[in-house]
Amino acid sequence: MTSDSTSTGGSGIRRARAGWVLALAATVLPGFTATAQPAAADSAGYHIYAHGFLSDGIVGYNASDSGQPTPIAGRATPGSLNWPQAPTPDGRFLFVAPGSNPQLIPYAIGPGGELTAGAPLAMPDVPVDIIFAPNNRDAFVVVGLQNAQVVPVRIGADGTPSLNGTAMPFGESIDGIASGTVSPDGKQLYVASLLPRQLLVFDINADGSVSPVKQRVSTGLNPIYPRVTPDGRHVYVINEISGSVSGFSRAEDGSLAEVAGSPFPTGMLPHVTSITPDGRFLYVPNMGSGHISSFAIEPNGVLTPLPDVAFAPEKPGTFAESSAMSPSGDVLWALGTDPMRGGEEILRRFTVGSDGVLDLDESVAIYTGTYVADGRTMSLVPRR
């Protein structure tokens, strides 16, 4: 987010290094992938869903850590100007929240990945992100470009959303364009508020409501898409304009303290991150650079840079925005935008080495027919 301040050719897998390239000349705005999944075998595969901020439609693919993805029949049309999508942790439902008609729309995920729309829930302001608690029951929709609020939502057994009490204001008029994540233990909601340049901490109550903000910590310019490590010990938030990621240690009560050496440099306009299920590696797509930044996560939370990998070395100016980790932790998927095709999105696959270094799988370069990756525009859902 920016404010202030079809498959194609090639085969095999190769490693590519990329330096700085020209920044993508586009207006950039936010979107959190689902909480890191525990390591698992890839025999059943998974579904991948993608949408574009400037196009109406969600496309899906049945995929795995190997072989070519195959399209899922049908195309859900929730509306345009859509930043977030998010699946429930159990993989039964996918939720989308278009800004053109502010509402939370549930889709039941069928055995083959097909999406069936359910009854939507109206939202009080523009939805910017959707965050689920680990219990599959409680969700939080962050709304508002200013005077932001957290809207607690209860998810019924059939996927129908309903309001769970009243919305909780962030507390300052400048708060807004926010994105978040929930801790693995379900006790805290962490939300990056873009304009104040702060990461906010909310406690989650037993009934699924949230407390008033209990802590604000400073970040870099345009903080977006915080993510908690699978063990719950550290929190990382992207600083979009600063081109960095801030790291924090998480205390027993969920409060945060910045890690030594933070922030850690990335490429230009970093966006939606992914962490391996074992918590060892962090990956950062860059909307303004041609590479994905890679880091080893040290036990103390410090990020050690690993070699970058080019997103689309054969397509200069095509940069990644969103990412999702496979359940096995052996593959990273990334979604980007190709300006030479009018902003059409392109999906690519990378293998994760034992040392955390990514290898680009040149055999997978799928144009999705959706446009402009900006927000939480991709989800990965294990098949049931």
# chains A, B, ... in the order shown; residues from 1 in each chain; ligands from 1

$ residues_around --residues "A:Ser244" --least-positions-apart "2" --cutoff "10 Å" --atoms "only C-alpha atoms" --output "short mmCIF file (atom, residue, chain, number, x, y, z; two decimals) with C-alpha atoms, in the first residue's frame"
data_model
loop_
_atom_site.label_atom_id
_atom_site.label_comp_id
_atom_site.auth_asym_id
_atom_site.auth_seq_id
_atom_site.Cartn_x
_atom_site.Cartn_y
_atom_site.Cartn_z
CA THR A 219 7.84 1.18 12.78
CA GLY A 220 9.21 2.51 9.50
CA LEU A 221 7.24 4.29 6.77
CA PRO A 223 3.90 -0.49 7.98
CA VAL A 237 6.11 -6.08 9.97
CA ILE A 238 6.90 -4.74 6.50
CA ASN A 239 7.83 -1.06 6.11
CA GLU A 240 6.68 -0.45 2.54
CA ILE A 241 8.16 2.96 1.83
CA SER A 242 11.27 2.48 3.97
CA SER A 246 10.96 -4.43 11.51
CA GLY A 247 11.35 -7.30 13.96
CA SER A 262 15.93 -3.91 13.34
CA PRO A 263 14.82 -2.75 10.79
CA PHE A 264 16.35 -5.08 8.19
CA PRO A 265 16.65 -3.86 4.55
CA THR A 266 14.59 -5.45 1.77
CA GLY A 267 13.98 -4.39 -1.83
CA MET A 268 11.74 -1.53 -2.88
CA LEU A 269 8.05 -1.59 -1.87
CA PRO A 270 8.09 -4.88 0.06
CA HIS A 271 4.72 -6.56 0.57
CA VAL A 284 9.55 -10.83 1.21
#

$ closest_residue --among "A:Leu104, A:Ala312, A:Met123, A:Met325" --to "A:Ile366" --atoms "only C-alpha atoms"
A:Ala312

$ closest_residue --among "A:Ile297, A:Ala148, A:Leu195, A:Leu335" --to "A:Arg376" --atoms "only C-alpha atoms"
A:Leu335

$ select_by_dssp --residues "stretch 178-259 of chain A" --states "strand (DSSP E)" --output "NGL selection string"
:A and (179-182 or 188-193 or 198-203 or 215-218 or 223-228 or 234-239 or 244-250 or 256-258)

$ write_last_selection --atoms "C-alpha atoms" --output "PDB file, in the first residue's frame"
ATOM      1  CA  SER A 179      -3.505  -4.894   8.057  1.00  0.00           C
ATOM      2  CA  GLY A 180      -3.007  -7.505  10.732  1.00  0.00           C
ATOM      3  CA  THR A 181      -2.348 -10.975  12.070  1.00  0.00           C
ATOM      4  CA  VAL A 182      -3.306 -13.078  15.093  1.00  0.00           C
ATOM      5  CA  GLN A 188      -3.371 -11.129  20.542  1.00  0.00           C
ATOM      6  CA  LEU A 189      -4.281  -9.262  17.394  1.00  0.00           C
ATOM      7  CA  TYR A 190      -1.427  -7.270  15.866  1.00  0.00           C
ATOM      8  CA  VAL A 191      -2.396  -4.489  13.456  1.00  0.00           C
ATOM      9  CA  ALA A 192      -0.144  -2.213  11.421  1.00  0.00           C
ATOM     10  CA  SER A 193      -1.639   1.282  11.154  1.00  0.00           C
ATOM     11  CA  GLN A 198       2.851   2.099  14.288  1.00  0.00           C
ATOM     12  CA  LEU A 199       2.183  -1.540  15.119  1.00  0.00           C
ATOM     13  CA  LEU A 200      -0.756  -1.867  17.517  1.00  0.00           C
ATOM     14  CA  VAL A 201      -1.419  -4.655  20.011  1.00  0.00           C
ATOM     15  CA  PHE A 202      -4.959  -5.708  20.945  1.00  0.00           C
ATOM     16  CA  ASP A 203      -5.807  -8.484  23.410  1.00  0.00           C
ATOM     17  CA  GLN A 215       0.498  -0.965  23.086  1.00  0.00           C
ATOM     18  CA  ARG A 216       1.732   1.080  20.145  1.00  0.00           C
ATOM     19  CA  VAL A 217       5.270   0.545  18.845  1.00  0.00           C
ATOM     20  CA  SER A 218       6.978   2.624  16.193  1.00  0.00           C
ATOM     21  CA  PRO A 223       3.900  -0.490   7.979  1.00  0.00           C
ATOM     22  CA  ILE A 224       1.863  -3.329   6.449  1.00  0.00           C
ATOM     23  CA  TYR A 225       1.191  -7.062   6.830  1.00  0.00           C
ATOM     24  CA  PRO A 226       2.593  -8.087  10.200  1.00  0.00           C
ATOM     25  CA  ARG A 227       3.319 -11.766  10.689  1.00  0.00           C
ATOM     26  CA  VAL A 228       4.013 -13.835  13.810  1.00  0.00           C
ATOM     27  CA  HIS A 234       8.633 -12.931  17.172  1.00  0.00           C
ATOM     28  CA  VAL A 235       6.585 -10.509  15.087  1.00  0.00           C
ATOM     29  CA  TYR A 236       7.724  -8.970  11.799  1.00  0.00           C
ATOM     30  CA  VAL A 237       6.110  -6.076   9.966  1.00  0.00           C
ATOM     31  CA  ILE A 238       6.901  -4.737   6.505  1.00  0.00           C
ATOM     32  CA  ASN A 239       7.833  -1.059   6.110  1.00  0.00           C
ATOM     33  CA  SER A 244      12.645  -2.786   5.257  1.00  0.00           C
ATOM     34  CA  VAL A 245      11.143  -5.187   7.786  1.00  0.00           C
ATOM     35  CA  SER A 246      10.962  -4.427  11.509  1.00  0.00           C
ATOM     36  CA  GLY A 247      11.352  -7.303  13.960  1.00  0.00           C
ATOM     37  CA  PHE A 248      10.006  -7.551  17.498  1.00  0.00           C
ATOM     38  CA  SER A 249      10.284 -10.041  20.344  1.00  0.00           C
ATOM     39  CA  ARG A 250       6.940 -11.045  21.819  1.00  0.00           C
ATOM     40  CA  LEU A 256       6.510  -6.191  21.885  1.00  0.00           C
ATOM     41  CA  ALA A 257      10.134  -5.052  22.079  1.00  0.00           C
ATOM     42  CA  GLU A 258      12.191  -4.321  18.975  1.00  0.00           C
TER      43      GLU A 258
END
